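Trainee: I'd like to ask some things about the structure below.
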Amino acid sequence: MRGNAASRRACPAPILLLALVAAVGCAPTTVRLAPAQLPAKSGDGPGYRFQNLAGGRDAATFQDQNRFFVCLTFSGGGTRAAALAYGAMIALHQARIDWPHPGATLLDEVDCISSVSGGSFTAAYYGLFRDELFTSFADRFLYRDIQGRLVLRALAPWNWVRLLSPYFSRIDIAAELYDARIFARKRYADLVAAGRRPYVILNATNIARGTRFPFTQDQFDLIGSDLGPVAVARGVAASSAFPFLLSPLTLENHQPLEGFQPPSDYRLGLRDYYANRSRYYWAQSQLAYVDDPHPYVHLMDGGLADNIGLRSIINAYEQSNGFISRDLGRIERLAIIAVNARTKSKDTISDHRRTPHIVPSVALATATTGMDNYSFDTVDLASRLAADLRQAQLAGGRFHAPVPYVAEISFEAIPDRRVRDAFYAIGTSFHLPAAQVRALIHMGCELVKNDPTVRCLLADVERAAAGRGPTPSACEEDTDAHPRAAEDIACPDAGGWPPS
Amino acid sequence: MEFLVVEFDGDRGVVINDATGAWRTNEILQLQAGSYVVALEPPNDFLPASIPVVLAHTAVLRPKTIRFDRVP
């Protein structure tokens with residue numbers, strides 16, 4: 001049951017002592033959307049939306065940047081995932097291409113990054129600070145004992161009082177730490193003001209519904225809230241709030257909001273039970289924030305709904321008001337590179353007849369096994385959509401669609417079994433030995449450099465720069481392409497890990 | 001995915017579910033299966049004002065076709 005808007009507060013405090021605790025222990029929530037910020041029925045409006053970057057939808061720069069459309073996804077997996085994604089970024093940063101913009105790198109062409117959990121640190125840092133990623137991120141985050149600092153902060157006496165409050169929890173301590181030490185207190189309004197791509201989508205999970213909750217203004221519209229004043233660190237914290245270790249992050253839902261109309265796409269989706277079940281259920285889950293509003297939304301690790309971050313990109317491609325779908329006809333090449341830091345832990349549960357302990361065995365299996373199985377399906381879905389697009393291109397003429405590329409960067413591609421198993425054994429934590437971090441950075445870079453789809457993409461781009469058409473793709477002719485852009489990538493040293 | 005052609009006497013932007021994009025008349029548009037309301041970008045010299053359509057069971061070689069007529 002929900003209270004009325006006037007009596008609803010983030011921190012109700014019935015007596016003086018509780019008021020004091022609440023005053024010092026009250027996490028920021030969200031600010032109600034002002035009437036001028038309400039979106040149109042198309043879903044367009046101010047705030048952190050794809051169509052407001054790169055000069056806006058009507059700008060020549062916006063259309064020009066769409067020609068080569070590159071999206072990255074970074075999976076969960078703590079520092080392991082962040083380091084692997086960072087290594088991948090090094091490879092993209094070194095891959096020199098001359099199409100469609102002479103002298104650019106593949107990283108310059110990245111239009112969106114969708115991330116989950118540990119991968120969200122790398123994604124948000126690049127979104128905010130661009131090439132500073134390569135000079136400061138490793139020291140600020142990858143090599144730092146973030147886990148230890150979280151514990152120290154939680155144990156600090158001033159935080160004991162705050163943690164007594166039911167409106168402040170461990171995740172808020174984490175968000176404060178990330179905000180101050182990693183993300184320089186940047187807000188989403190800073191990303192809007194910068195006005196440049198990539199569009200960074202940090203994905204959390206609404207634990208009541210089990211659905212994705214991306215930190216974008218499109219999603220915040222549905223809870224009647226302005227994403228602008230929200231710290232980017234809170235998006236990262238929500239995205240990486242691993243079950244049992246961290247608590248959920250809470251946002252306030254300001255719906256119902258006078259004058260708000262959800263995008264037409266959502267309302268029409270409710271008619272599609274027979275025509276398209278996934279669209280129907282998606283529309284239902286999104287409209288529930290408006291039609292059956294509860295005053296709060298509790299968010300946890302984005303990996304609970306999609307541990308590879310790819311669903312946000314697939315939605316942007318499939319849904320008619322999605323930012324890829326709307327401009328598909330102007331895109332010449334569409335590349336999706338999914339960096340998946342999935343591991344395979346040894347099966348120790350099945351060695352014993354005794355019932356596994358609830359904590360940690362069953363709890364961890366519940367939190368992680370489903371995530372990883374679902375990731376495979378998601379990559380497979382993206383590959384099938386790309387295959388469908390290639391088929392549809394056979395129509396030629398009146399059908400304008402991009403040449404699609406879907407690459408998955410994962411430890412599975414490491415040829416040496418001993419090395420592969422060593423990477424698979426790296427734990428999920430926010431503190432790894434420096435040798436492992438170095439090796440992960442090296443491997444992220446090498447896996448991108450040697451990935452057949454990435455090489456094929458780079459070969460096609462080199463052909464395009466030389467004035468040759470978009471088809472046939474190098475993938476169709478030669479599965480072992482040797483583009484110069486890939487050969488020139490010099491990955492950082494592995495540092496001798498894993499030891500032989 | 002499903003395929004739609006919006007026929008019109010001339011090249012014009014297509015409005016789908018109140019949103020504009022790179023959708024053009026007389027081209028094959030790709031959309032996911034489901035319900036849409038299709039219109040054209042201004043000027044408002046066409047009829048009907050909008051067309052509801054449910055996309056299902058189409059193929060790129062056999063798209064669903066709808067038509068707007070130009071009015072003086």
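Every chain in the structure tokens takes a letter, A first, then B, and so on in the order presented; its residues are numbered from 1, and the ligands are numbered from 1 following the presented order.
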With only C-alpha atoms considered, list every residue of chain B at most 12 Å from chain A, as a PyMOL selection string.
Mentor: chain B and resi 1-7+13-38+52-63
Trainee: For Ala305 of chain A, find every residue with an atom within 10 Å (counting only C-alpha atoms), except residues of its own chain fewer than 6 positions away, and show them as a PDB file with C-alpha atoms, in the first residue's frame.
Mentor:
ATOM      1  CA  VAL A 116      26.743  -4.809 -15.329  1.00  0.00           C
ATOM      2  CA  ASN A 203      22.231  -1.897 -15.497  1.00  0.00           C
ATOM      3  CA  ALA A 204      20.832  -2.855 -12.094  1.00  0.00           C
ATOM      4  CA  THR A 205      18.015  -5.264 -11.224  1.00  0.00           C
ATOM      5  CA  ASN A 206      14.706  -4.405  -9.567  1.00  0.00           C
ATOM      6  CA  ILE A 207      14.637  -7.159  -6.962  1.00  0.00           C
ATOM      7  CA  ARG A 209      10.209  -7.716 -10.166  1.00  0.00           C
ATOM      8  CA  GLY A 210      13.448  -9.413 -11.237  1.00  0.00           C
ATOM      9  CA  THR A 211      13.662  -7.035 -14.183  1.00  0.00           C
ATOM     10  CA  ARG A 212      16.495  -4.912 -15.547  1.00  0.00           C
ATOM     11  CA  PHE A 213      16.679  -1.351 -14.311  1.00  0.00           C
ATOM     12  CA  ARG A 311      19.820  -7.126 -23.117  1.00  0.00           C
ATOM     13  CA  GLY A 370      21.413 -18.765 -13.260  1.00  0.00           C
ATOM     14  CA  MET A 371      23.192 -15.560 -14.301  1.00  0.00           C
ATOM     15  CA  TYR A 374      21.332 -16.903 -19.141  1.00  0.00           C
ATOM     16  CA  SER A 375      24.393 -15.058 -20.513  1.00  0.00           C
TER      17      SER A 375
END
Trainee: Write out as a PyMOL selection string which residues come within 8 Å of Lys449 of chain A when counting only C-alpha atoms, dropping same-chain ones fewer than 2 positions away.
Mentor: chain A and resi 91+445-447+451+454-455+486-487+489
Trainee: Mind dumping the selected residues with N, CA and C atoms as a short mmCIF file (atom, residue, chain, number, x, y, z; two decimals), in the first residue's frame?
Mentor:
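Wrote out.cif, looks like this:
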data_model
loop_
_atom_site.label_atom_id
_atom_site.label_comp_id
_atom_site.auth_asym_id
_atom_site.auth_seq_id
_atom_site.Cartn_x
_atom_site.Cartn_y
_atom_site.Cartn_z
N ALA A 91 42.87 -2.43 -26.38
CA ALA A 91 42.96 -2.93 -27.77
C ALA A 91 42.15 -2.02 -28.71
N CYS A 445 43.03 -7.46 -23.75
CA CYS A 445 43.57 -6.86 -24.97
C CYS A 445 43.84 -7.94 -26.03
N GLU A 446 44.49 -9.02 -25.62
CA GLU A 446 44.85 -10.09 -26.57
C GLU A 446 43.61 -10.75 -27.16
N LEU A 447 42.60 -10.96 -26.32
CA LEU A 447 41.39 -11.63 -26.81
C LEU A 447 40.66 -10.79 -27.85
N ASP A 451 40.33 -11.92 -31.77
CA ASP A 451 38.97 -12.42 -32.00
C ASP A 451 38.65 -12.40 -33.50
N VAL A 454 36.20 -9.57 -34.57
CA VAL A 454 36.82 -8.24 -34.51
C VAL A 454 37.79 -8.07 -35.68
N ARG A 455 38.55 -9.11 -35.98
CA ARG A 455 39.52 -9.03 -37.10
C ARG A 455 38.79 -8.85 -38.43
N ALA A 486 44.67 -4.69 -36.48
CA ALA A 486 44.80 -5.68 -35.40
C ALA A 486 46.26 -6.03 -35.16
N GLU A 487 47.00 -6.19 -36.25
CA GLU A 487 48.42 -6.57 -36.11
C GLU A 487 49.20 -5.50 -35.34
N ILE A 489 48.23 -3.69 -32.85
CA ILE A 489 47.88 -3.55 -31.43
C ILE A 489 48.99 -4.17 -30.57
#
Trainee: What's the 8 Å shell around Gly195 of chain A, counting only C-alpha atoms, without same-chain residues fewer than 3 positions away, as a VMD selection string?
Mentor: chain A and resid 52 to 55 191 to 192
Trainee: Would you write out those residues with C-alpha atoms, as a short mmCIF file (atom, residue, chain, number, x, y, z; two decimals), in the first residue's frame?
Mentor:
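Contents of part.cif, as written:
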data_model
loop_
_atom_site.label_atom_id
_atom_site.label_comp_id
_atom_site.auth_asym_id
_atom_site.auth_seq_id
_atom_site.Cartn_x
_atom_site.Cartn_y
_atom_site.Cartn_z
CA ASN A 52 20.42 14.08 -26.73
CA LEU A 53 24.10 13.22 -27.28
CA ALA A 54 26.30 14.04 -30.29
CA GLY A 55 24.44 17.27 -30.98
CA LEU A 191 27.25 13.40 -18.74
CA VAL A 192 24.36 15.34 -20.30
#
Trainee: Find the spatial neighbours of Ala27 of chain A, counting only C-alpha atoms, within a cut-off of 8 Å - ignore same-chain residues fewer than 3 positions away - and output them as JSON, numbers by chain.
Mentor: {"A": [167, 168, 172]}
Trainee: DSSP on the backbone: what in segment 96-308 of chain A comes out strand (DSSP E), as a ChimeraX atom specification?
Mentor: /A:96-97,104-105,110-116,199-206,211-214,225-226,249-252,296-301
Trainee: What does the distance between atom CA of Ile201 of chain A and atom CA of Ser115 of chain A come to in Å, to one decimal place?
Mentor: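 Taking atom CA of Ile201 of chain A and atom CA of Ser115 of chain A, their separation equals 6.3 Å.
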Trainee: Given the choices A:Leu106, A:Val200, A:Ala83, A:Arg333, which gets closest to Gly127 of chain A if the distance is worked out from only C-alpha atoms?
Mentor: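 Ranked by minimum distance to Gly127 of chain A, first place goes to A:Val200.
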Trainee: Using only C-alpha atoms, which protein or nucleic acid residues come within 10 Å of Phe68 of chain B? Drop anything in the same chain fewer than 6 positions from it, and give the result as a list of chain:residue names.
Mentor: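 Within the cut-off, the hits are B:Val6, B:Glu7, B:Phe8, B:Asp9, B:Thr25, B:Val38, B:Ala39, B:Leu40, B:Asp45, B:Phe46, B:Leu47, B:Pro48, B:Ala49, B:Ser50, B:Ile51.
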Trainee: Take the residues just selected and output them with N, CA and C atoms as an mmCIF file, in the first residue's frame.
Mentor:
data_model
loop_
_atom_site.group_PDB
_atom_site.id
_atom_site.type_symbol
_atom_site.label_atom_id
_atom_site.label_comp_id
_atom_site.auth_asym_id
_atom_site.auth_seq_id
_atom_site.Cartn_x
_atom_site.Cartn_y
_atom_site.Cartn_z
ATOM 1 N N VAL B 6 5.726 1.353 -46.139
ATOM 2 C CA VAL B 6 4.735 2.426 -46.065
ATOM 3 C C VAL B 6 4.751 3.140 -47.416
ATOM 4 N N GLU B 7 3.736 2.877 -48.195
ATOM 5 C CA GLU B 7 3.706 3.457 -49.544
ATOM 6 C C GLU B 7 3.145 4.882 -49.501
ATOM 7 N N PHE B 8 3.762 5.723 -50.315
ATOM 8 C CA PHE B 8 3.329 7.124 -50.406
ATOM 9 C C PHE B 8 3.889 7.697 -51.695
ATOM 10 N N ASP B 9 3.160 8.643 -52.213
ATOM 11 C CA ASP B 9 3.591 9.288 -53.452
ATOM 12 C C ASP B 9 4.677 10.321 -53.109
ATOM 13 N N THR B 25 9.395 6.459 -46.322
ATOM 14 C CA THR B 25 8.342 5.834 -47.134
ATOM 15 C C THR B 25 8.969 5.046 -48.282
ATOM 16 N N VAL B 38 1.053 3.942 -37.341
ATOM 17 C CA VAL B 38 1.986 4.523 -38.307
ATOM 18 C C VAL B 38 1.388 5.808 -38.887
ATOM 19 N N ALA B 39 2.220 6.820 -39.009
ATOM 20 C CA ALA B 39 1.807 8.086 -39.643
ATOM 21 C C ALA B 39 2.991 8.605 -40.450
ATOM 22 N N LEU B 40 2.842 9.773 -41.039
ATOM 23 C CA LEU B 40 3.934 10.382 -41.791
ATOM 24 C C LEU B 40 4.349 11.690 -41.130
ATOM 25 N N ASP B 45 -0.435 16.480 -45.473
ATOM 26 C CA ASP B 45 -1.117 16.441 -46.766
ATOM 27 C C ASP B 45 -1.419 15.004 -47.170
ATOM 28 N N PHE B 46 -1.751 14.174 -46.175
ATOM 29 C CA PHE B 46 -1.971 12.760 -46.476
ATOM 30 C C PHE B 46 -3.173 12.230 -45.697
ATOM 31 N N LEU B 47 -3.722 11.164 -46.185
ATOM 32 C CA LEU B 47 -4.846 10.469 -45.527
ATOM 33 C C LEU B 47 -4.606 8.959 -45.611
ATOM 34 N N PRO B 48 -5.031 8.228 -44.649
ATOM 35 C CA PRO B 48 -5.617 8.678 -43.383
ATOM 36 C C PRO B 48 -4.549 9.318 -42.485
ATOM 37 N N ALA B 49 -4.978 9.878 -41.356
ATOM 38 C CA ALA B 49 -4.034 10.567 -40.470
ATOM 39 C C ALA B 49 -3.045 9.584 -39.857
ATOM 40 N N SER B 50 -3.514 8.373 -39.611
ATOM 41 C CA SER B 50 -2.620 7.323 -39.103
ATOM 42 C C SER B 50 -3.225 5.963 -39.419
ATOM 43 N N ILE B 51 -2.390 4.952 -39.394
ATOM 44 C CA ILE B 51 -2.865 3.600 -39.691
ATOM 45 C C ILE B 51 -2.382 2.646 -38.598
#
Trainee: To one decimal place, how far is atom CA of Leu246 of chain A from atom CA of Ala233 of chain A in Å?
Mentor: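 Taking atom CA of Leu246 of chain A and atom CA of Ala233 of chain A, their separation equals 14.8 Å.
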